[in-house]
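Asker: Here you go, data-v6.csv (CSV, C-alpha atoms):
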chain,number,residue,atom,x,y,z
A,1,GLN,CA,-76.2,-81.4,50.0
A,2,VAL,CA,-76.8,-84.4,52.2
A,3,GLN,CA,-78.3,-87.4,50.5
A,4,LEU,CA,-79.6,-90.7,51.8
A,5,VAL,CA,-79.9,-93.5,49.3
A,6,GLU,CA,-81.7,-96.7,50.1
A,7,SER,CA,-81.2,-100.0,48.4
A,8,GLY,CA,-81.8,-103.7,48.9
A,9,GLY,CA,-85.6,-103.9,48.4
A,10,GLY,CA,-87.3,-106.4,46.3
A,11,LEU,CA,-89.7,-109.3,46.1
A,12,VAL,CA,-89.4,-112.1,48.6
A,13,GLN,CA,-91.6,-114.9,49.8
A,14,ALA,CA,-93.2,-114.9,53.2
A,15,GLY,CA,-90.7,-116.2,55.8
A,16,GLY,CA,-87.8,-114.9,53.8
A,17,SER,CA,-85.2,-112.3,54.6
A,18,LEU,CA,-83.9,-109.0,53.1
A,19,ARG,CA,-81.3,-106.5,54.1
A,20,LEU,CA,-81.9,-102.9,53.3
A,21,SER,CA,-79.1,-100.4,53.1
A,22,CYS,CA,-79.1,-96.6,53.4
A,23,ALA,CA,-75.9,-94.9,52.2
A,24,ALA,CA,-75.3,-91.4,53.3
A,25,SER,CA,-73.3,-88.8,51.3
A,26,VAL,CA,-71.7,-87.6,54.6
A,27,SER,CA,-70.3,-89.1,57.7
A,28,ILE,CA,-73.1,-90.3,60.1
A,29,PHE,CA,-70.7,-90.9,63.0
A,30,SER,CA,-72.0,-88.0,65.0
A,31,TRP,CA,-75.6,-88.1,63.8
A,32,ASN,CA,-78.1,-88.0,66.7
A,33,ARG,CA,-80.3,-90.8,65.4
A,34,LEU,CA,-81.0,-93.0,62.5
A,35,ARG,CA,-84.4,-94.5,61.7
A,36,TRP,CA,-86.3,-96.6,59.3
A,37,TYR,CA,-89.9,-95.9,58.4
A,38,ARG,CA,-92.3,-97.6,56.0
A,39,GLN,CA,-95.5,-96.8,54.2
A,40,ALA,CA,-97.9,-99.4,52.9
A,41,PRO,CA,-100.3,-98.6,50.1
A,42,GLY,CA,-103.2,-96.5,51.4
A,43,LYS,CA,-101.7,-96.1,54.9
A,44,GLN,CA,-99.7,-93.5,56.7
A,45,ARG,CA,-96.0,-93.7,57.1
A,46,GLU,CA,-95.1,-95.6,60.2
A,47,PHE,CA,-92.0,-95.9,62.4
A,48,VAL,CA,-90.1,-99.2,62.1
A,49,ALA,CA,-86.8,-98.9,64.0
A,50,THR,CA,-84.4,-96.3,65.5
A,51,LEU,CA,-80.8,-96.4,66.5
A,52,GLY,CA,-79.3,-93.7,68.7
A,53,ARG,CA,-75.8,-92.4,68.7
A,54,GLY,CA,-75.0,-94.5,71.8
A,55,GLY,CA,-76.1,-97.6,70.1
A,56,TYR,CA,-79.6,-97.9,71.7
A,57,ALA,CA,-82.1,-99.5,69.4
A,58,ASN,CA,-85.8,-99.6,69.5
A,59,TYR,CA,-88.4,-101.2,67.3
A,60,ALA,CA,-92.1,-101.1,66.5
A,61,ASP,CA,-93.9,-103.9,68.2
A,62,SER,CA,-94.9,-105.3,64.8
A,63,VAL,CA,-91.3,-106.0,63.8
A,64,LYS,CA,-89.6,-106.6,67.2
A,65,GLY,CA,-87.6,-109.8,67.2
A,66,ARG,CA,-87.6,-110.0,63.4
A,67,PHE,CA,-85.9,-106.8,62.3
A,68,THR,CA,-82.5,-105.4,63.3
A,69,ILE,CA,-81.1,-102.0,62.7
A,70,SER,CA,-77.4,-101.4,62.6
A,71,ARG,CA,-74.8,-99.0,61.3
A,72,ASP,CA,-71.4,-99.0,59.7
A,73,ASN,CA,-69.8,-95.6,60.3
A,74,ALA,CA,-66.9,-96.3,58.1
A,75,LYS,CA,-69.2,-97.0,55.2
A,76,LYS,CA,-71.6,-94.2,56.2
A,77,THR,CA,-74.4,-96.8,55.9
A,78,VAL,CA,-77.4,-97.8,58.0
A,79,TYR,CA,-78.9,-101.3,57.6
A,80,LEU,CA,-82.2,-102.9,58.3
A,81,GLN,CA,-81.9,-106.7,58.5
A,82,MET,CA,-85.4,-108.1,58.0
A,83,SER,CA,-86.2,-111.8,58.7
A,84,SER,CA,-89.3,-113.9,58.9
A,85,LEU,CA,-91.0,-111.5,56.6
A,86,LYS,CA,-94.8,-111.3,56.4
A,87,PRO,CA,-97.1,-110.0,53.6
A,88,GLU,CA,-98.0,-107.2,56.0
A,89,ASP,CA,-94.4,-106.0,55.8
A,90,THR,CA,-95.0,-105.0,52.2
A,91,ALA,CA,-94.3,-101.3,52.0
A,92,ILE,CA,-91.9,-98.6,50.8
A,93,TYR,CA,-89.1,-98.4,53.3
A,94,TYR,CA,-87.5,-95.0,54.0
A,95,CYS,CA,-84.3,-94.2,55.8
A,96,ASN,CA,-84.3,-91.1,58.0
A,97,GLY,CA,-81.6,-89.4,59.9
A,98,GLU,CA,-81.1,-86.4,62.2
A,99,GLY,CA,-77.8,-84.7,61.6
A,100,VAL,CA,-75.6,-83.0,64.1
A,101,THR,CA,-77.3,-79.6,63.5
A,102,GLY,CA,-80.7,-81.1,64.0
A,103,ASN,CA,-81.6,-81.2,60.4
A,104,ASP,CA,-83.9,-84.0,59.3
A,105,TYR,CA,-83.0,-86.1,56.2
A,106,TRP,CA,-84.9,-88.6,54.2
A,107,GLY,CA,-84.1,-91.1,51.5
A,108,GLN,CA,-86.2,-91.7,48.4
A,109,GLY,CA,-87.4,-95.1,49.6
A,110,THR,CA,-87.1,-98.7,48.5
A,111,GLN,CA,-89.9,-101.1,47.8
A,112,VAL,CA,-90.3,-104.3,49.7
A,113,THR,CA,-92.9,-106.8,48.6
A,114,VAL,CA,-93.6,-110.0,50.5
A,115,SER,CA,-95.7,-112.6,48.7
A,116,SER,CA,-97.8,-115.1,50.6
How does the structure come out when it is put into structure tokens?

Answerer:
Amino acid sequence: QVQLVESGGGLVQAGGSLRLSCAASVSIFSWNRLRWYRQAPGKQREFVATLGRGGYANYADSVKGRFTISRDNAKKTVYLQMSSLKPEDTAIYYCNGEGVTGNDYWGQGTQVTVSS
């Protein structure tokens, strides 16, 4: 059974930084895409960042220039480096991946709270 486990969330002041990690239970080397989403209280889950197998990355406009998605295939881990955090970044952050067979996998989420 494929599992994705996020970590690295927490409480940080506005302007601060956090690095989220998403550890997979299987190799992610050949996965088609890896993504981060977030869901703020009372809002729908929204796209944050994506990383394709070829290394192409794309970001939501709200985080562009502040967040960076990356991967370490040897560690089977996807990262989201978040800088210049704002209170509106407060949300539960979810890791998502599409495996080689097209199956879609989600982590359980990690809470990020940014205080003003």

Asker: Considering all atoms listed in the file, return as number ranges by chain whatever protein or nucleic-acid residues lie within 8 Å of stretch 84-88 of chain A, sequence-local ones (same chain, fewer than 3 positions apart) excluded.

Answerer: A: 13-17, 66, 113-116

Asker: Measure the distance from atom CA of A:Arg38 to atom CA of A:Glu6 in Å and round it to one decimal.

Answerer: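 Interatomic distance here is 12.2 Å.
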
Asker: How many Å lie between atom CA of A:Gln44 and atom CA of A:Gly97, rounded to one decimal?

Answerer: 18.8 Å

Asker: When you draw a straight line from atom CA of A:Ala49 to atom CA of A:Lys75, how long is it in Å?

Answerer: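 Value for the atom CA of A:Ala49-atom CA of A:Lys75 distance: 19.8 Å.
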
Asker: With only C-alpha atoms as the atoms that count, which of A:Leu20, A:Val26, A:Leu51, A:Val78 lies nearest to A:Ile92?

Answerer: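 Using only C-alpha atoms, A:Ile92 sits closest to A:Leu20.
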
Asker: Would you please work out which residue, of A:Thr101, A:Ser70, A:Gln39, A:Gln1, is nearest to A:Ala24 when using only C-alpha atoms?

Answerer: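 Between A:Thr101, A:Ser70, A:Gln39, A:Gln1, the residue approaching A:Ala24 most closely is A:Gln1.
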
Asker: Calculated over all atoms listed in the file, which of the candidates A:Trp36, A:Val48, A:Gly107, A:Gly8 has the smallest distance to A:Ala60?

Answerer: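 With all atoms listed in the file as the atom set, the closest residue is A:Val48.
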